[in-house]
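Remarks on the structure that follows.
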Amino acid sequence: MELGATLTQHVLSQQRLHPQARGEFSGLLTQIGVAAKIISSQVRRAGLLPILGASGTVNTHGEVVQKLDEVANRTVIECLIRSGHVAAMASEEEDEYVEVPEARRGAYIVVFDPLDGSSNIDVNISIGTIFAVYRQASGGEVTRRDFLRPGREACAAGYVIYGSSTMFVYSTGHGVHGFTLDPSAGEFFLSHADIKIPNQASCLSLNESNSPYWEPWVGRFVGEMKARNDEDKRRVSSRHVGSLVADFHRNLMYGGVFLYPGDRRSPRGKLRLIYEAAPLAFIAAQAGGAASDGAQDILDIVPDELHQRTPLVIGNAAEVRLAEEFARGRGEDGMVSATTAVERGSA
Ligand code: AHM
Ligand code: MG
């Protein structure tokens, strides 16, 4: 069997598509791949923690056991500092952004959620790392402005999913490419070149137990999706893991839409714009999909603060646009659903 390109080889080949790139960007992405391998090996040992020692205790090897999300956070920070290509970074796990010491400072800004869905660790459900890379805007001193940028300005974004296998999925604005970790070789190999989201949205993913607090349009949108199923044919299935990377990845592969809308209890929803929504919106757009907060494209939102939350609808472009129409109130008379069903050819 012929092996696909390694992540490093692929990153270097993508560099040729960016005439201004001087290799720093490639070095940086490669280091994120290294962090992913280290985190993956820790995640694979997660079930052993009760045997080797619970978090905060000393394990049988005499080491203090750290929580996995703390380990992931430190791993990404250290790999990025060592790359020598980063000016500063912001993590969902840190209150403030972290500046790289002068001697190791580079030209890029990296934002990341080191271990998303970490409440799923103890029950063996897929979790992930999400990241985006920006060129430092100011060039000189790092300021908050370097982070408060719309996702559209990112020069790369991606995620790692620690699932039945570990996959690294990324884009530098030239398609979306997925790599599977061969644990015995310790290397990511290209397994999914130029990923495009399938045309039909067959998965519907959201936490339906929040429905008593939803704005009315969410229920109408969900109803429209469900109404696509008839007695003879099921076109849409509810699929919700509760781990964003896993839900997003499945929908990217099978077609689908994920929603975490705002509701009466939390009008801005739960997910973080900078660390979660914008990087995945970048990937979605590159794969032919879209992402919205219900009113505007996630990639156009300029954050006001580092840890800002945003409502999120992400997946197939047609369904994201449909959700926006419902959010604007046009689903009330049933016209939107009838029209789109006809356009889709499924009426
Ligand atoms: P986290 O960053 O604290 O892990 O929270 C984000 C996670 C997402 O992975 C997931 O989509 C969402 O929280 C699920 O939230 P809920 O339990 O409210 O449905
Ligand atoms: Mg998260």
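Note on naming: chains are A, B, ... as they come in the structure tokens, residues start from 1 per chain, ligands start from 1 in the order shown.
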
Exercise for review: Pick out the residues sitting within 9 Å of segment 290-307 of chain A, and hand them over as a PyMOL selection string; count only C-alpha atoms, and ignore anything fewer than 5 positions along from it in its own chain.
Suggested key: chain A and resi 90+92+95-97+144+147-153+261-262+268+272-275+277-285+312-321+323-328

Keeping only N, CA and C atoms, write the selected residues to a file as a CSV table (one decimal), in the first residue's frame.
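Produced file part.csv, reproduced below:
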```csv
chain,number,residue,atom,x,y,z
A,90,ALA,N,-3.4,32.9,22.4
A,90,ALA,CA,-4.5,33.0,23.4
A,90,ALA,C,-5.2,31.6,23.4
A,92,GLU,N,-8.3,29.1,25.3
A,92,GLU,CA,-9.5,29.1,26.0
A,92,GLU,C,-9.2,28.8,27.5
A,95,ASP,N,-6.8,33.1,31.1
A,95,ASP,CA,-7.6,34.3,31.2
A,95,ASP,C,-7.1,35.4,30.2
A,96,GLU,N,-5.8,35.5,30.1
A,96,GLU,CA,-5.2,36.5,29.2
A,96,GLU,C,-4.3,35.9,28.1
A,97,TYR,N,-4.0,36.7,27.1
A,97,TYR,CA,-3.1,36.1,26.1
A,97,TYR,C,-1.7,36.0,26.7
A,144,ARG,N,-3.9,43.7,22.4
A,144,ARG,CA,-5.2,42.9,22.3
A,144,ARG,C,-5.7,42.9,20.9
A,147,PHE,N,-5.6,40.1,18.5
A,147,PHE,CA,-6.5,38.9,18.8
A,147,PHE,C,-7.9,39.2,18.4
A,148,LEU,N,-8.3,40.5,18.4
A,148,LEU,CA,-9.7,40.8,18.2
A,148,LEU,C,-9.9,41.0,16.7
A,149,ARG,N,-9.8,39.9,15.9
A,149,ARG,CA,-9.8,40.0,14.5
A,149,ARG,C,-10.9,39.0,14.0
A,150,PRO,N,-11.5,39.3,12.8
A,150,PRO,CA,-12.5,38.4,12.3
A,150,PRO,C,-11.8,37.2,11.7
A,151,GLY,N,-12.5,36.0,11.8
A,151,GLY,CA,-11.9,34.8,11.3
A,151,GLY,C,-11.4,34.8,9.9
A,152,ARG,N,-12.0,35.7,9.1
A,152,ARG,CA,-11.7,35.8,7.7
A,152,ARG,C,-10.2,36.2,7.5
A,153,GLU,N,-9.6,36.8,8.5
A,153,GLU,CA,-8.2,37.3,8.4
A,153,GLU,C,-7.2,36.1,8.8
A,261,PRO,N,-27.5,27.5,19.5
A,261,PRO,CA,-28.0,28.9,19.4
A,261,PRO,C,-27.9,29.6,20.8
A,262,GLY,N,-28.2,30.9,20.8
A,262,GLY,CA,-28.4,31.6,22.0
A,262,GLY,C,-29.8,31.2,22.5
A,268,ARG,N,-26.0,34.6,24.2
A,268,ARG,CA,-24.8,34.5,23.2
A,268,ARG,C,-24.4,33.0,23.1
A,272,ARG,N,-17.2,29.7,22.2
A,272,ARG,CA,-16.3,30.8,22.1
A,272,ARG,C,-16.0,31.2,20.7
A,273,LEU,N,-16.2,32.5,20.4
A,273,LEU,CA,-16.0,32.9,19.0
A,273,LEU,C,-14.5,32.7,18.5
A,274,ILE,N,-13.6,33.1,19.3
A,274,ILE,CA,-12.2,33.1,18.8
A,274,ILE,C,-11.6,31.7,18.8
A,275,TYR,N,-11.9,30.9,19.8
A,275,TYR,CA,-11.2,29.6,19.9
A,275,TYR,C,-11.9,28.5,19.3
A,277,ALA,N,-15.6,28.8,17.3
A,277,ALA,CA,-16.5,29.1,16.2
A,277,ALA,C,-15.7,29.6,15.0
A,278,ALA,N,-14.8,30.6,15.1
A,278,ALA,CA,-14.1,31.1,14.0
A,278,ALA,C,-13.2,30.1,13.3
A,279,PRO,N,-12.4,29.4,14.0
A,279,PRO,CA,-11.5,28.4,13.3
A,279,PRO,C,-12.4,27.3,12.6
A,280,LEU,N,-13.5,26.9,13.2
A,280,LEU,CA,-14.3,25.8,12.5
A,280,LEU,C,-15.0,26.5,11.3
A,281,ALA,N,-15.4,27.8,11.4
A,281,ALA,CA,-16.0,28.5,10.3
A,281,ALA,C,-15.1,28.6,9.1
A,282,PHE,N,-13.8,28.8,9.4
A,282,PHE,CA,-12.8,28.9,8.4
A,282,PHE,C,-12.7,27.5,7.6
A,283,ILE,N,-12.7,26.4,8.4
A,283,ILE,CA,-12.7,25.1,7.8
A,283,ILE,C,-14.0,24.9,7.0
A,284,ALA,N,-15.1,25.2,7.6
A,284,ALA,CA,-16.4,24.9,6.9
A,284,ALA,C,-16.4,25.7,5.6
A,285,ALA,N,-16.0,26.9,5.6
A,285,ALA,CA,-16.1,27.7,4.3
A,285,ALA,C,-15.2,27.1,3.3
A,312,LEU,N,-24.0,29.7,17.4
A,312,LEU,CA,-23.3,29.1,16.2
A,312,LEU,C,-24.3,28.1,15.5
A,313,VAL,N,-24.3,28.4,14.1
A,313,VAL,CA,-25.0,27.4,13.2
A,313,VAL,C,-23.9,27.1,12.2
A,314,ILE,N,-23.5,25.8,12.0
A,314,ILE,CA,-22.4,25.5,11.1
A,314,ILE,C,-22.6,24.2,10.4
A,315,GLY,N,-22.2,24.2,9.1
A,315,GLY,CA,-22.4,23.0,8.4
A,315,GLY,C,-22.7,23.3,6.9
A,316,ASN,N,-23.6,22.6,6.3
A,316,ASN,CA,-24.0,22.8,4.9
A,316,ASN,C,-24.4,24.2,4.7
A,317,ALA,N,-23.9,24.9,3.6
A,317,ALA,CA,-24.2,26.3,3.4
A,317,ALA,C,-25.7,26.5,3.3
A,318,ALA,N,-26.5,25.6,2.5
A,318,ALA,CA,-27.9,25.9,2.3
A,318,ALA,C,-28.6,25.9,3.6
A,319,GLU,N,-28.3,25.0,4.5
A,319,GLU,CA,-29.0,24.9,5.8
A,319,GLU,C,-28.6,26.1,6.7
A,320,VAL,N,-27.4,26.5,6.6
A,320,VAL,CA,-27.0,27.7,7.5
A,320,VAL,C,-27.7,28.9,7.0
A,321,ARG,N,-27.8,29.1,5.7
A,321,ARG,CA,-28.6,30.2,5.1
A,321,ARG,C,-30.0,30.1,5.5
A,323,ALA,N,-31.3,28.6,8.2
A,323,ALA,CA,-31.4,29.0,9.6
A,323,ALA,C,-31.4,30.5,9.7
A,324,GLU,N,-30.5,31.2,8.9
A,324,GLU,CA,-30.5,32.7,9.0
A,324,GLU,C,-31.9,33.3,8.6
A,325,GLU,N,-32.5,32.7,7.6
A,325,GLU,CA,-33.8,33.1,7.2
A,325,GLU,C,-34.8,32.9,8.3
A,326,PHE,N,-34.8,31.8,8.9
A,326,PHE,CA,-35.7,31.5,10.1
A,326,PHE,C,-35.4,32.5,11.2
A,327,ALA,N,-34.1,32.8,11.4
A,327,ALA,CA,-33.8,33.7,12.5
A,327,ALA,C,-34.2,35.1,12.2
A,328,ARG,N,-34.3,35.4,11.0
A,328,ARG,CA,-34.8,36.7,10.6
A,328,ARG,C,-36.4,36.8,10.7
```

Practice item. Can you check which residues of segment 86-321 of chain A DSSP gives as alpha helix (DSSP H) on the backbone and send them as a VMD selection string? Key: chain A and resid 216 to 226 244 to 254 278 to 286 317 to 321

Revision key, fill the gap. Ligand 1 proximity check over A:Gly269, A:Gly158, A:Pro101, A:Gly289, using only C-alpha atoms and all ligand atoms: winner is A:Gly269

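Nearest to ligand 2 of all the residues A:Phe25, A:Phe221, A:Tyr254, A:Phe112 is A:Phe112, based on only C-alpha atoms and all ligand atoms.
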
Exercise for review: Select the residues contacting ligand 1 at a distance of at most 9 Å, based on only C-alpha atoms and all ligand atoms, then format the selection as a ChimeraX atom specification.
Suggested key: /A:92-93,113-120,127-128,206-210,240-248,258-260,269-272,275-276

Check your understanding: What's the 6 Å shell around segment 198-205 of chain A, counting only C-alpha atoms, without same-chain residues fewer than 4 positions away, as a ChimeraX atom specification?
Key -> /A:235-240,255-258

Mind writing the picked residues with N, CA, C and O atoms as an mmCIF file, in the first residue's frame?
```cif
data_model
loop_
_atom_site.group_PDB
_atom_site.id
_atom_site.type_symbol
_atom_site.label_atom_id
_atom_site.label_comp_id
_atom_site.auth_asym_id
_atom_site.auth_seq_id
_atom_site.Cartn_x
_atom_site.Cartn_y
_atom_site.Cartn_z
ATOM 1 N N ARG A 235 -34.336 11.167 5.591
ATOM 2 C CA ARG A 235 -33.283 12.004 4.981
ATOM 3 C C ARG A 235 -32.399 12.654 6.024
ATOM 4 O O ARG A 235 -31.273 13.042 5.739
ATOM 5 N N VAL A 236 -32.950 12.842 7.223
ATOM 6 C CA VAL A 236 -32.223 13.550 8.276
ATOM 7 C C VAL A 236 -32.253 12.711 9.557
ATOM 8 O O VAL A 236 -33.285 12.155 9.913
ATOM 9 N N SER A 237 -31.099 12.632 10.225
ATOM 10 C CA SER A 237 -31.028 11.949 11.519
ATOM 11 C C SER A 237 -30.475 12.896 12.568
ATOM 12 O O SER A 237 -29.578 13.683 12.281
ATOM 13 N N SER A 238 -30.983 12.782 13.781
ATOM 14 C CA SER A 238 -30.392 13.527 14.894
ATOM 15 C C SER A 238 -29.100 12.836 15.287
ATOM 16 O O SER A 238 -29.092 11.637 15.553
ATOM 17 N N ARG A 239 -28.028 13.590 15.292
ATOM 18 C CA ARG A 239 -26.732 13.050 15.694
ATOM 19 C C ARG A 239 -26.044 14.119 16.521
ATOM 20 O O ARG A 239 -25.679 15.172 15.995
ATOM 21 N N HIS A 240 -25.884 13.886 17.799
ATOM 22 C CA HIS A 240 -25.274 14.892 18.663
ATOM 23 C C HIS A 240 -24.431 14.217 19.728
ATOM 24 O O HIS A 240 -24.945 13.461 20.554
ATOM 25 N N GLY A 255 -22.283 15.406 5.845
ATOM 26 C CA GLY A 255 -23.254 16.455 5.545
ATOM 27 C C GLY A 255 -24.154 16.646 6.747
ATOM 28 O O GLY A 255 -24.678 15.680 7.299
ATOM 29 N N GLY A 256 -24.329 17.893 7.154
ATOM 30 C CA GLY A 256 -25.188 18.131 8.304
ATOM 31 C C GLY A 256 -25.017 19.524 8.849
ATOM 32 O O GLY A 256 -24.163 20.298 8.393
ATOM 33 N N VAL A 257 -25.849 19.830 9.813
ATOM 34 C CA VAL A 257 -25.777 21.147 10.426
ATOM 35 C C VAL A 257 -25.775 20.990 11.943
ATOM 36 O O VAL A 257 -26.511 20.172 12.498
ATOM 37 N N PHE A 258 -24.873 21.753 12.567
ATOM 38 C CA PHE A 258 -24.749 21.776 14.025
ATOM 39 C C PHE A 258 -25.218 23.150 14.503
ATOM 40 O O PHE A 258 -24.867 24.167 13.914
#
```
